[in-house]
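Structure record follows, encoded as structure tokens.
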Amino acid sequence: MDYDFLIVGSGISGCTIAEQLASKSQKILIIDKRNHIGGNLYDEYDQNNVLIHKYGPHIFHTNSKIVFDYLSKFTEWIKYEHKVVAFVDNKYVPIPINRNTLNLIFNLNLKTDEEATQYLNKIKEDKIIKNSRDVVISKVGNELYKKLFEGYTKKQWGISPENLLPEITKRIPVRINTDDRYFTDIYQYMPKNGYTAMIKKMLSNENITTLINTDFKDLDKKIHYKNLIYTGPIDYFFDYKYGKLQYRSIIFEFERYNKSHYQDYAVVNYPDEKVKYTRITEFKYLTGQNIDKTTIVKEYPTNIGEEYYPILTEANIDLYKKYKLEADKLPNTTFIGRLAEFKYYNIDQAVASALLLSKKIIKEFD
Ligand code: FAD
Ligand code: UDP
């Protein structure tokens, strides 16, 4: 069998490239070692008829019109603005920290943005930002860091925030107003029929052949391809010759209930280290389903299992660079996506990067 491109991994990165190249008459084989397409975006209806995200809650948000318009070719959307609270001191407080968070935690009555700014100026500490702890303390001080970030981050990453690069906690802003949305992006939507349906459509071009339950290293030798796009872990590709990169995994424990709701919020974060999970998500809030039953998921981070989150430490970045040097030497081979580039990409960033790469490839053969 002959293909123009073999794409390893049917996550959003691989599927975007497959779709783009197939639309230019390239013959594509896309494979995945899992028993389904979609990568970490995969969703399915469970026995409660709730649309669940198998790999944890995935909320689409972007400021990129290009990305939004592109994905809109494959799905309709429902409007959804994500909200998260943290359970701390027996209260539910908005995350990211905003004026209401300050009022609830410190029993204050800050009424204006100016008052919130003044208060933050009092509690924050001057810091040279070297790590994920410095980021938080420099914005909100030690007490809020301890209450909301330290325990959560230790659980999520298995190491202290001092050992993580700043970009991890930089993802979470601090607000002086009362905007309690998790994201402020222009486009905040969920795919109307789910991510899997969207991805199926992306792969529907007849130039695309899809093969699941197939690891790259076990691919039939009779299959020939001119170019390789690889979206799996880069260290695995090179047989860990320089050592293993660290990725964080998660055990997802789903619980099903015969009642309409389990909690009052889409996501509740648990920063307390004594609680072993990081957060509880109730899917119905995300999908807008109006049914009698409900399903939640608790997330237990772990080092063992499939690779989900690249752990961004200096040592890992140095190791990644060694692999990247090797990768750059390989002809007709491109590494892209969260695992292959060892980057903390969101969905929209993965799509944007895949669209750019496709454009570059298409330019070469057009
Ligand atoms: P992946 O989705 O990881 O796809 C890679 C695919 O390659 C996988 O299907 C894997 O099985 C396959 N593969 C790997 N190795 C091999 C091999 N050797 N052979 C064959 N196949 C292989 N982003 C957001 O924008 N919003 C969110 O709310 C959000 N929530 C998240 C929650 C969690 C718990 C996680 C882990 C991520 C979240 N993300 C979120 C990030 C989002 O999942 C990623 O940006 C996106 O999935 C990246 O797509 P990808 O194709 O690069 O990688
Ligand atoms: N974080 C935290 N407490 C919270 C929310 C986030 O300590 O209540 C930290 C934690 O280290 C997390 C990082 O901020 O990994 C980024 O959070 P985000 O919600 O962006 O992570 P995601 O779950 O989307 O990967």
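Residue names in the structure tokens use chain letters A, B, ... in the order shown, residue numbers from 1 in each chain, and ligand numbers from 1 in the order shown.
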
- [ ] Pick out the residues no farther than 6 Å from ligand 1, counting only C-alpha atoms and all ligand atoms, and list them as number ranges by chain.
- [x] A: 8-14, 31-34, 39-41, 55-60, 214-216, 231-233, 308-309, 337-338, 345-348, 350

- [ ] Kindly compile the residues surrounding ligand 2 within 6 Å, counting only C-alpha atoms and all ligand atoms, and format them as a list in words.
- [x] Ala86, Leu148, Phe149, Glu150, Tyr152, Thr153, Gln156, Ile168, Thr169, Arg171, Ile172 and Asn269 of chain A

Generate the output file for the selected residues, all heavy atoms, as a CSV table (one decimal), in the first residue's frame.
```
chain,number,residue,atom,x,y,z
A,86,ALA,N,-13.2,27.0,43.4
A,86,ALA,CA,-12.3,26.1,44.2
A,86,ALA,C,-13.0,26.0,45.6
A,86,ALA,O,-13.6,27.0,46.1
A,86,ALA,CB,-10.9,26.8,44.4
A,148,LEU,N,-4.8,28.3,47.4
A,148,LEU,CA,-5.4,27.9,46.1
A,148,LEU,C,-4.4,27.2,45.1
A,148,LEU,O,-4.9,26.6,44.2
A,148,LEU,CB,-6.0,29.2,45.5
A,148,LEU,CG,-7.1,29.8,46.3
A,148,LEU,CD1,-7.5,31.2,45.7
A,148,LEU,CD2,-8.3,28.9,46.2
A,149,PHE,N,-3.1,27.5,45.3
A,149,PHE,CA,-2.2,27.0,44.2
A,149,PHE,C,-1.3,25.9,44.7
A,149,PHE,O,-1.0,25.0,43.9
A,149,PHE,CB,-1.4,28.1,43.6
A,149,PHE,CG,-2.2,29.0,42.7
A,149,PHE,CD1,-3.0,30.0,43.1
A,149,PHE,CD2,-2.2,28.7,41.3
A,149,PHE,CE1,-3.8,30.7,42.2
A,149,PHE,CE2,-2.9,29.4,40.4
A,149,PHE,CZ,-3.7,30.4,40.9
A,150,GLU,N,-0.7,26.0,45.9
A,150,GLU,CA,0.4,25.1,46.3
A,150,GLU,C,-0.1,23.6,46.2
A,150,GLU,O,0.5,22.8,45.6
A,150,GLU,CB,0.9,25.4,47.7
A,150,GLU,CG,2.2,24.7,48.0
A,150,GLU,CD,2.7,25.0,49.4
A,150,GLU,OE1,1.9,25.0,50.3
A,150,GLU,OE2,3.9,25.3,49.4
A,152,TYR,N,-2.8,22.2,45.0
A,152,TYR,CA,-3.4,21.8,43.7
A,152,TYR,C,-2.2,21.5,42.7
A,152,TYR,O,-2.2,20.5,42.1
A,152,TYR,CB,-4.3,22.9,43.1
A,152,TYR,CG,-5.0,22.5,41.9
A,152,TYR,CD1,-6.4,22.1,41.9
A,152,TYR,CD2,-4.4,22.5,40.6
A,152,TYR,CE1,-7.1,21.8,40.8
A,152,TYR,CE2,-5.1,22.1,39.5
A,152,TYR,CZ,-6.4,21.7,39.6
A,152,TYR,OH,-7.1,21.4,38.5
A,153,THR,N,-1.2,22.4,42.7
A,153,THR,CA,-0.1,22.2,41.8
A,153,THR,C,0.7,21.0,42.1
A,153,THR,O,1.1,20.2,41.2
A,153,THR,CB,0.7,23.5,41.7
A,153,THR,OG1,-0.1,24.6,41.3
A,153,THR,CG2,1.9,23.4,40.7
A,156,GLN,N,-1.3,18.1,41.0
A,156,GLN,CA,-1.4,18.0,39.5
A,156,GLN,C,-0.1,17.5,38.8
A,156,GLN,O,-0.1,16.8,37.9
A,156,GLN,CB,-1.8,19.4,38.9
A,156,GLN,CG,-1.8,19.5,37.4
A,156,GLN,CD,-2.9,18.7,36.7
A,156,GLN,OE1,-3.8,18.2,37.4
A,156,GLN,NE2,-2.8,18.6,35.4
A,168,ILE,N,3.3,27.5,33.6
A,168,ILE,CA,2.2,26.7,34.1
A,168,ILE,C,1.2,27.5,34.9
A,168,ILE,O,0.0,27.5,34.5
A,168,ILE,CB,2.7,25.6,35.1
A,168,ILE,CG1,3.8,24.7,34.5
A,168,ILE,CG2,1.6,24.7,35.6
A,168,ILE,CD1,3.4,23.8,33.5
A,169,THR,N,1.6,28.3,35.9
A,169,THR,CA,0.6,29.0,36.6
A,169,THR,C,0.3,30.4,36.0
A,169,THR,O,-0.7,31.0,36.3
A,169,THR,CB,1.1,29.3,38.1
A,169,THR,OG1,2.4,29.7,38.1
A,169,THR,CG2,1.0,28.0,38.9
A,171,ARG,N,-0.8,30.6,33.2
A,171,ARG,CA,-2.1,30.4,32.5
A,171,ARG,C,-3.3,31.0,33.2
A,171,ARG,O,-4.3,31.2,32.6
A,171,ARG,CB,-2.3,28.9,32.3
A,171,ARG,CG,-1.4,28.2,31.3
A,171,ARG,CD,-1.4,26.7,31.4
A,171,ARG,NE,-2.7,26.1,31.2
A,171,ARG,CZ,-3.1,25.6,30.0
A,171,ARG,NH1,-2.4,25.8,29.0
A,171,ARG,NH2,-4.3,25.1,29.9
A,172,ILE,N,-3.2,31.1,34.5
A,172,ILE,CA,-4.3,31.6,35.3
A,172,ILE,C,-4.2,33.1,35.7
A,172,ILE,O,-3.3,33.4,36.4
A,172,ILE,CB,-4.4,30.8,36.6
A,172,ILE,CG1,-4.3,29.3,36.4
A,172,ILE,CG2,-5.7,31.1,37.3
A,172,ILE,CD1,-5.4,28.7,35.6
A,269,ASN,N,-12.6,22.8,41.9
A,269,ASN,CA,-11.2,22.4,42.1
A,269,ASN,C,-11.0,22.2,43.6
A,269,ASN,O,-11.6,22.9,44.5
A,269,ASN,CB,-10.3,23.6,41.7
A,269,ASN,CG,-10.1,23.7,40.2
A,269,ASN,OD1,-10.6,22.8,39.5
A,269,ASN,ND2,-9.5,24.7,39.8
```

Open item on the list: Residues within 8 Å of Lys192 of chain A, please, as a VMD selection string. Count only C-alpha atoms; anything in the same chain fewer than 4 positions from it doesn't count.
Closed with: chain A and resid 75 to 78 287

Pull C-alpha atoms from the residues just selected and write them as a short mmCIF file (atom, residue, chain, number, x, y, z; two decimals), in the first residue's frame.
```cif
data_model
loop_
_atom_site.label_atom_id
_atom_site.label_comp_id
_atom_site.auth_asym_id
_atom_site.auth_seq_id
_atom_site.Cartn_x
_atom_site.Cartn_y
_atom_site.Cartn_z
CA THR A 75 -19.29 21.24 13.58
CA GLU A 76 -22.07 23.47 14.77
CA TRP A 77 -21.54 24.99 18.19
CA ILE A 78 -23.35 25.67 21.41
CA THR A 287 -22.65 19.87 27.06
#
```

Task: segment 42-190 of chain A: residues DSSP assigns to helix (DSSP H, G or I), reported as a PyMOL selection string - done: chain A and resi 65-71+99-106+113-123+132-157+161-163+167-170

Task: Option closest in space to Tyr70 of chain A, from A:Asn109, A:Thr302, A:Asn258, A:Thr16 [counting only C-alpha atoms] - done: A:Thr16

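Pairwise distance (atom CA of Glu253 of chain A, atom CA of Ile52 of chain A) equals 11.7 Å.
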
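Taking only C-alpha atoms into account, His224 of chain A lies nearest to A:Leu6 out of the set A:Leu6, A:Ile128, A:Leu165, A:Leu211.
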
Open item on the list: Residues within 8 Å of Glu255 of chain A, please, as number ranges by chain. Count only C-alpha atoms; anything in the same chain fewer than 4 positions from it doesn't count.
Closed with: A: 295-297

Would you mind exporting the chosen residues as a short mmCIF file (atom, residue, chain, number, x, y, z; two decimals), in the first residue's frame, restricted to N, CA and C atoms?
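Final output, saved to again_33.cif:
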```
data_model
loop_
_atom_site.label_atom_id
_atom_site.label_comp_id
_atom_site.auth_asym_id
_atom_site.auth_seq_id
_atom_site.Cartn_x
_atom_site.Cartn_y
_atom_site.Cartn_z
N THR A 295 -23.40 12.48 35.22
CA THR A 295 -22.11 11.79 35.35
C THR A 295 -21.04 12.81 35.70
N ILE A 296 -20.20 12.43 36.66
CA ILE A 296 -19.08 13.31 37.04
C ILE A 296 -17.77 12.56 36.83
N VAL A 297 -16.67 13.32 36.83
CA VAL A 297 -15.36 12.66 36.80
C VAL A 297 -14.45 13.32 37.84
#
```
